[in-house]
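What follows is the content of query.txt (compact mmCIF, C-alpha atoms and all ligand atoms).
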```
# COMPACT_ATOMS: atom_id res chain seq x y z
CA MET A 9 106.26 -56.85 220.58
CA VAL A 10 105.78 -53.38 222.11
CA LYS A 11 107.75 -51.95 219.21
CA GLU A 12 105.43 -53.73 216.74
CA MET A 13 102.37 -52.35 218.53
CA LYS A 14 103.75 -48.83 218.41
CA LYS A 15 104.43 -49.14 214.71
CA PHE A 16 100.89 -50.43 214.13
CA MET A 17 99.37 -47.58 216.14
CA THR A 18 101.37 -44.99 214.20
CA LEU A 19 100.19 -46.51 210.94
CA CYS A 20 96.58 -46.38 212.16
CA LEU A 21 96.98 -42.73 213.06
CA VAL A 22 98.40 -41.88 209.64
CA ALA A 23 95.52 -43.73 207.97
CA LEU A 24 92.97 -41.92 210.15
CA LEU A 25 94.50 -38.55 209.37
CA ALA A 26 94.44 -39.33 205.65
CA LEU A 27 90.76 -40.28 205.89
CA ALA A 28 89.92 -37.13 207.83
CA THR A 29 91.64 -34.98 205.21
CA LEU A 30 89.68 -36.75 202.49
CA ALA A 31 86.38 -36.30 204.33
CA ALA A 32 87.07 -32.62 204.95
CA GLY A 33 87.79 -32.16 201.26
CA CYS A 34 84.38 -33.57 200.28
CA GLY A 35 82.39 -30.50 201.28
CA GLY A 36 84.95 -27.96 200.24
CA GLY A 37 85.19 -28.01 196.48
CA GLY A 38 88.27 -27.41 194.40
CA ASP A 39 89.83 -30.86 194.86
CA LYS A 40 90.03 -33.59 192.27
CA LYS A 41 87.05 -35.72 193.18
CA ASP A 42 83.67 -36.30 191.66
CA ALA A 43 80.60 -35.65 193.79
CA LYS A 44 80.58 -39.31 194.84
CA GLY A 45 84.05 -38.99 196.32
CA ASP A 46 86.25 -40.92 193.86
CA PRO A 47 89.66 -39.36 194.47
CA LYS A 48 91.02 -40.17 191.00
CA ALA A 49 88.20 -38.68 188.94
CA GLU A 50 87.78 -35.06 187.98
CA LYS A 51 85.06 -33.55 190.14
CA VAL A 52 81.87 -34.00 188.14
CA LEU A 53 78.49 -32.54 189.04
CA ARG A 54 75.80 -34.90 187.74
CA ILE A 55 72.96 -32.60 186.70
CA GLY A 56 69.49 -33.82 185.76
CA CYS A 57 66.92 -31.93 183.71
CA ASN A 58 64.02 -32.57 181.37
CA ALA A 59 65.37 -30.89 178.25
CA ASP A 60 62.00 -30.10 176.75
CA PHE A 61 61.22 -26.90 178.55
CA ALA A 62 62.41 -23.95 176.49
CA PRO A 63 63.66 -21.37 177.31
CA PHE A 64 64.95 -23.09 180.47
CA GLU A 65 66.33 -26.37 179.08
CA PHE A 66 66.24 -27.70 175.55
CA GLN A 67 68.57 -29.16 172.96
CA ASP A 68 69.71 -27.35 169.83
CA VAL A 69 68.63 -28.62 166.41
CA SER A 70 71.46 -31.12 166.23
CA GLY A 71 70.17 -32.53 169.52
CA LYS A 72 73.56 -32.40 171.20
CA GLU A 73 74.07 -29.17 173.07
CA TYR A 74 71.88 -28.37 176.09
CA GLN A 75 70.72 -24.78 175.98
CA GLY A 76 68.60 -22.41 178.03
CA PHE A 77 68.54 -20.21 181.09
CA ASP A 78 68.83 -23.13 183.54
CA MET A 79 71.67 -24.68 181.53
CA ASP A 80 73.74 -21.48 181.50
CA LEU A 81 72.99 -20.92 185.18
CA ILE A 82 73.93 -24.42 186.34
CA ARG A 83 77.15 -24.39 184.29
CA ALA A 84 78.09 -21.14 186.03
CA VAL A 85 77.08 -22.60 189.44
CA ALA A 86 79.12 -25.77 188.82
CA LYS A 87 82.13 -23.66 187.82
CA GLU A 88 81.84 -21.61 191.01
CA MET A 89 81.68 -24.85 193.01
CA GLY A 90 84.75 -26.24 191.24
CA TYR A 91 82.92 -29.01 189.38
CA LYS A 92 82.70 -30.05 185.76
CA ALA A 93 79.04 -29.94 184.66
CA GLU A 94 77.63 -33.18 183.26
CA ILE A 95 74.04 -32.81 182.08
CA GLN A 96 71.55 -35.66 181.70
CA ASN A 97 68.11 -35.56 180.11
CA LEU A 98 65.34 -37.46 181.96
CA ASN A 99 61.56 -37.41 182.12
CA PHE A 100 60.40 -34.73 184.53
CA ASP A 101 58.70 -37.21 186.86
CA GLY A 102 61.88 -39.33 186.94
CA LEU A 103 64.15 -36.54 188.18
CA ILE A 104 63.47 -36.69 191.94
CA PRO A 105 63.61 -40.52 192.02
CA ALA A 106 66.98 -40.36 190.19
CA LEU A 107 68.30 -37.90 192.76
CA GLU A 108 67.04 -40.08 195.61
CA ALA A 109 68.77 -43.10 194.04
CA ASP A 110 72.04 -41.09 193.94
CA ASN A 111 72.16 -41.18 190.14
CA LEU A 112 72.19 -37.37 190.14
CA ASP A 113 73.78 -34.72 192.34
CA VAL A 114 71.42 -31.88 191.44
CA ILE A 115 68.24 -31.16 189.48
CA ILE A 116 67.65 -27.96 187.58
CA SER A 117 64.55 -28.17 185.44
CA GLY A 118 62.29 -25.19 185.99
CA MET A 119 61.37 -27.11 189.12
CA THR A 120 58.99 -25.33 191.45
CA ILE A 121 59.79 -25.37 195.15
CA ASN A 122 56.82 -26.88 196.97
CA ASP A 123 56.14 -28.65 200.26
CA GLU A 124 55.58 -32.07 198.72
CA ARG A 125 58.97 -32.02 196.96
CA LYS A 126 60.68 -30.49 200.01
CA LYS A 127 59.94 -33.73 201.86
CA LYS A 128 62.20 -35.55 199.39
CA VAL A 129 64.89 -33.07 198.34
CA ASP A 130 66.67 -29.92 199.50
CA PHE A 131 66.05 -26.81 197.41
CA SER A 132 68.45 -23.94 196.87
CA ASP A 133 67.36 -20.36 197.38
CA PRO A 134 64.80 -19.44 194.67
CA TYR A 135 66.42 -18.45 191.37
CA TYR A 136 63.40 -17.59 189.17
CA LYS A 137 59.81 -16.44 189.74
CA SER A 138 57.17 -18.18 187.64
CA GLY A 139 53.49 -19.07 187.56
CA LEU A 140 50.96 -21.07 185.57
CA SER A 141 49.12 -19.74 182.53
CA ILE A 142 46.69 -21.07 179.92
CA ILE A 143 47.00 -21.28 176.14
CA VAL A 144 43.86 -21.75 174.02
CA LYS A 145 42.98 -21.62 170.35
CA LYS A 146 42.46 -17.99 169.28
CA ASP A 147 38.94 -18.61 168.00
CA ASP A 148 37.84 -20.26 171.28
CA THR A 149 36.10 -17.46 173.18
CA SER A 150 34.66 -19.77 175.86
CA ILE A 151 37.88 -19.90 177.94
CA ASN A 152 39.06 -16.64 179.47
CA LYS A 153 40.13 -17.66 182.96
CA PHE A 154 41.05 -20.75 184.96
CA SER A 155 37.53 -21.38 186.24
CA ASP A 156 36.37 -21.63 182.58
CA LEU A 157 38.34 -24.89 182.32
CA LYS A 158 35.39 -26.65 183.96
CA GLY A 159 34.06 -29.16 181.43
CA LYS A 160 37.09 -28.64 179.13
CA LYS A 161 39.90 -30.97 178.10
CA VAL A 162 43.23 -29.67 179.34
CA ALA A 163 46.73 -30.90 178.44
CA VAL A 164 49.44 -30.81 181.13
CA GLN A 165 52.85 -32.35 181.66
CA ILE A 166 53.06 -35.35 184.01
CA GLY A 167 54.36 -34.70 187.52
CA THR A 168 54.26 -30.90 187.23
CA THR A 169 52.54 -28.21 189.24
CA SER A 170 50.26 -27.72 186.21
CA ALA A 171 49.04 -31.29 186.59
CA MET A 172 48.52 -30.82 190.34
CA GLU A 173 46.65 -27.52 189.97
CA VAL A 174 44.38 -28.39 187.04
CA LYS A 175 43.32 -31.57 188.83
CA LYS A 176 41.92 -29.29 191.55
CA ILE A 177 39.60 -27.53 189.08
CA GLU A 178 36.31 -29.33 189.41
CA GLY A 179 35.00 -30.71 186.13
CA ALA A 180 38.21 -30.16 184.14
CA GLU A 181 39.30 -33.22 182.17
CA VAL A 182 43.08 -33.57 182.56
CA LYS A 183 45.18 -35.23 179.86
CA GLU A 184 48.78 -35.84 180.88
CA PHE A 185 51.79 -35.89 178.57
CA ASN A 186 55.51 -36.58 178.98
CA SER A 187 56.68 -33.18 177.80
CA SER A 188 55.42 -29.63 177.36
CA ALA A 189 56.10 -30.01 173.61
CA ASP A 190 53.57 -32.85 173.54
CA THR A 191 50.94 -30.68 175.26
CA PHE A 192 51.32 -28.00 172.56
CA LEU A 193 51.07 -30.64 169.82
CA GLU A 194 47.86 -31.95 171.36
CA LEU A 195 46.28 -28.48 171.31
CA LYS A 196 47.33 -28.08 167.68
CA ALA A 197 45.84 -31.47 166.82
CA GLY A 198 42.57 -30.49 168.49
CA GLY A 199 42.78 -33.22 171.14
CA VAL A 200 42.38 -30.68 173.97
CA ASP A 201 40.79 -27.27 174.46
CA ALA A 202 43.63 -25.78 176.47
CA VAL A 203 47.20 -26.23 177.65
CA VAL A 204 48.30 -25.24 181.15
CA ASN A 205 52.00 -24.71 181.58
CA ASP A 206 54.53 -22.37 183.19
CA ARG A 207 54.00 -18.86 181.79
CA PRO A 208 57.53 -18.28 180.39
CA VAL A 209 57.37 -21.62 178.58
CA ASN A 210 53.96 -20.81 177.08
CA ASP A 211 55.22 -17.37 176.01
CA TYR A 212 58.39 -18.77 174.46
CA TYR A 213 56.36 -21.34 172.52
CA ILE A 214 54.09 -18.65 171.08
CA MET A 215 57.05 -16.42 170.25
CA LYS A 216 59.29 -19.06 168.68
CA SER A 217 57.06 -21.70 167.10
CA GLY A 218 55.42 -19.36 164.61
CA VAL A 219 51.92 -20.49 165.62
CA THR A 220 49.38 -17.79 164.95
CA ASP A 221 46.13 -19.50 165.91
CA VAL A 222 46.66 -19.63 169.69
CA ARG A 223 46.61 -17.07 172.48
CA ARG A 224 47.92 -16.98 176.03
CA LEU A 225 45.49 -15.82 178.70
CA GLU A 226 46.67 -13.05 181.01
CA GLU A 227 45.55 -14.69 184.27
CA LEU A 228 48.21 -16.48 186.31
CA LEU A 229 46.94 -19.29 188.51
CA THR A 230 49.92 -19.46 190.85
CA SER A 231 53.08 -17.70 191.89
CA GLU A 232 55.93 -20.21 191.93
CA ASP A 233 59.65 -20.12 192.68
CA TYR A 234 62.11 -22.34 190.88
CA GLY A 235 64.90 -23.94 192.91
CA ILE A 236 67.87 -26.21 192.31
CA ALA A 237 67.30 -29.54 194.07
CA SER A 238 69.97 -31.60 195.81
CA SER A 239 70.01 -34.64 198.07
CA LYS A 240 68.87 -34.36 201.67
CA LYS A 241 71.74 -36.73 202.48
CA LYS A 242 74.28 -34.12 201.29
CA PRO A 243 73.24 -30.89 203.02
CA GLU A 244 76.62 -29.32 202.19
CA MET A 245 75.61 -29.41 198.52
CA LYS A 246 72.70 -26.99 199.07
CA LYS A 247 75.03 -24.67 200.97
CA GLN A 248 77.56 -24.69 198.13
CA ILE A 249 74.83 -24.05 195.54
CA ASP A 250 73.41 -21.12 197.53
CA ALA A 251 76.89 -19.65 197.95
CA ALA A 252 77.51 -20.00 194.21
CA LEU A 253 74.14 -18.39 193.36
CA LYS A 254 74.94 -15.50 195.67
CA LYS A 255 78.31 -15.00 194.01
CA LEU A 256 76.68 -15.00 190.57
CA HIS A 257 74.16 -12.40 191.73
CA ASP A 258 76.88 -10.23 193.26
CA SER A 259 79.14 -10.41 190.21
CA GLY A 260 76.37 -9.55 187.74
CA GLU A 261 76.73 -12.93 185.98
CA TYR A 262 73.17 -13.94 186.93
CA ASP A 263 71.80 -10.73 185.34
CA LYS A 264 73.82 -11.38 182.21
CA ILE A 265 72.34 -14.87 181.85
CA PHE A 266 68.85 -13.55 182.64
CA LYS A 267 69.10 -10.83 179.97
CA LYS A 268 70.33 -13.35 177.41
CA TRP A 269 67.12 -15.41 177.73
CA PHE A 270 64.46 -12.96 178.88
CA GLY A 271 65.72 -9.54 177.80
CA ASN A 272 64.74 -7.00 180.40
CA GLY A 273 61.36 -8.61 181.12
N1 LIG B 1 57.52 -25.62 187.24
C1 LIG B 1 56.75 -26.78 186.97
C2 LIG B 1 56.97 -27.80 188.06
O1 LIG B 1 57.88 -27.71 188.81
C3 LIG B 1 57.05 -27.40 185.61
C4 LIG B 1 58.46 -27.85 185.45
C5 LIG B 1 58.76 -28.59 184.15
O2 LIG B 1 57.88 -29.06 183.47
N2 LIG B 1 59.99 -28.69 183.80
O3 LIG B 1 56.21 -28.70 188.19
```

Can you dump the structure from the file as structure tokens?
Amino acid sequence: MVKEMKKFMTLCLVALLALATLAAGCGGGGDKKDAKGDPKAEKVLRIGCNADFAPFEFQDVSGKEYQGFDMDLIRAVAKEMGYKAEIQNLNFDGLIPALEADNLDVIISGMTINDERKKKVDFSDPYYKSGLSIIVKKDDTSINKFSDLKGKKVAVQIGTTSAMEVKKIEGAEVKEFNSSADTFLELKAGGVDAVVNDRPVNDYYIMKSGVTDVRRLEELLTSEDYGIASSKKKPEMKKQIDAALKKLHDSGEYDKIFKKWFGNG
């Protein structure tokens, strides 16, 4: 009987040790597990974005490949962390709920770090400086700054800082759309007087779409930092992301990616 007990205890100890090794491996990276801890699977980082936000995240003409500054950056971050990048395309306002429901490990989507979001997710160190700007029709001389939006119809994307900020402008009529592409279409169609969006996205639209009848106003309403979001329940994830970002800065890889999408500007 004593012998049996001893054997049982030894077995328990072995099992405990095995578990401890597994748990220690979770935060470390480099082992063969996905971010949910399945030991058989290749480690996969489930990344969420709203792929309608060029030049940060968008799909090429065939609609397959995810492209953009954020996409290159997160692939490099995932590689540093020892994960395979798996990118999913969701509505912008569905990203944080998907992370909270553990359907995603991280969000990279030109997402501004703000206090409201910080209550729900952890953000990495800032990786890009942005701000909000206005696009209007070229022949519309009545809008030259944000306060001129009073009494005007303004298109914004749902759940974004643009939506939050324009709602604060007294007398502005806010029309919300699922994507930034839809806000540009609405301006073109004459359904709104202005579009408010992140400046680099407005600039890229003007540069790439070939539109000639719109102009971007110089004034920036805000100064915003983009961050990579991860779950508050997995604080080690934020640490790993920050470490990876630092490595990419130190190695010059971040600058390479930046130059590819923004030149020297
Ligand atoms: N930076 C803005 C925000 O965080 C817009 C992001 C987006 O539309 N992808 O709200």

Review point. Using only C-alpha atoms and all ligand atoms, which residue out of A:Met215, A:Met172, A:Val203, A:Val85 lies closest to ligand LIG 1 (chain B)?
Key: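 Closest to ligand LIG 1 (chain B), using only C-alpha atoms and all ligand atoms: A:Met172.
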
Output, as lines of an AutoDock Vina configuration file, the centre and edge lengths in Å (one decimal) of the axis-aligned box that contains all listed atoms of ligand LIG 1 (chain B) with 3 Å of margin on each side.
```
center_x = 58.1
center_y = -27.3
center_z = 186.1
size_x = 9.8
size_y = 9.4
size_z = 11.3
```

Practice item. Kindly give the distance, in Å, that separates CA of Met119 (chain A) and CA of Tyr135 (chain A), rounded to a single decimal. Key: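 These two atoms are separated by 10.3 Å.
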
Review point. Just how far from CA of Asn210 (chain A) is CA of Asp123 (chain A), in Å to one decimal?
Key: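 Separating CA of Asp123 (chain A) from CA of Asn210 (chain A) is a distance of 24.6 Å.
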
Check your understanding: In Å, how far is it from CA of Asp233 (chain A) to CA of Gly139 (chain A)?
Key ->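 Here the two named atoms are 8.1 Å from each other.
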
Check your understanding: Which residue gives the smallest distance to ligand LIG 1 (chain B) among A:Ile236, A:Ile95, A:Ile82, A:Leu193, with all atoms listed in the file counted?
Key ->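 Smallest separation from ligand LIG 1 (chain B) among the options: A:Ile236.
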
**Study point:** Surroundings of ligand LIG 1 (chain B) up to 8 Å, based on all atoms listed in the file, as a PyMOL selection string
**Key:** chain A and resi 57-58+60-61+100+117-121+138-139+165-171+187-188+205-206+232+234

For region 237-255 of chain A in the structure I just supplied, write out C-alpha atoms - as a compact mmCIF listing (two decimals), in the first residue's frame.
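Generated file (out.txt):
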```
# COMPACT_ATOMS: atom_id res chain seq x y z
CA ALA A 237 -3.95 45.97 -28.93
CA SER A 238 -3.86 42.71 -27.00
CA SER A 239 -5.93 41.12 -24.26
CA LYS A 240 -5.75 42.42 -20.71
CA LYS A 241 -5.94 38.77 -19.65
CA LYS A 242 -2.59 38.05 -21.36
CA PRO A 243 -0.27 40.82 -20.15
CA GLU A 244 2.76 38.85 -21.38
CA MET A 245 1.52 39.43 -24.95
CA LYS A 246 1.96 43.22 -24.67
CA LYS A 247 5.46 42.69 -23.30
CA GLN A 248 6.39 40.42 -26.20
CA ILE A 249 4.96 42.90 -28.74
CA ASP A 250 6.86 45.82 -27.21
CA ALA A 251 10.07 43.79 -27.19
CA ALA A 252 9.53 42.86 -30.85
CA LEU A 253 8.81 46.50 -31.80
CA LYS A 254 11.99 47.59 -30.04
CA LYS A 255 14.00 44.98 -31.92
```
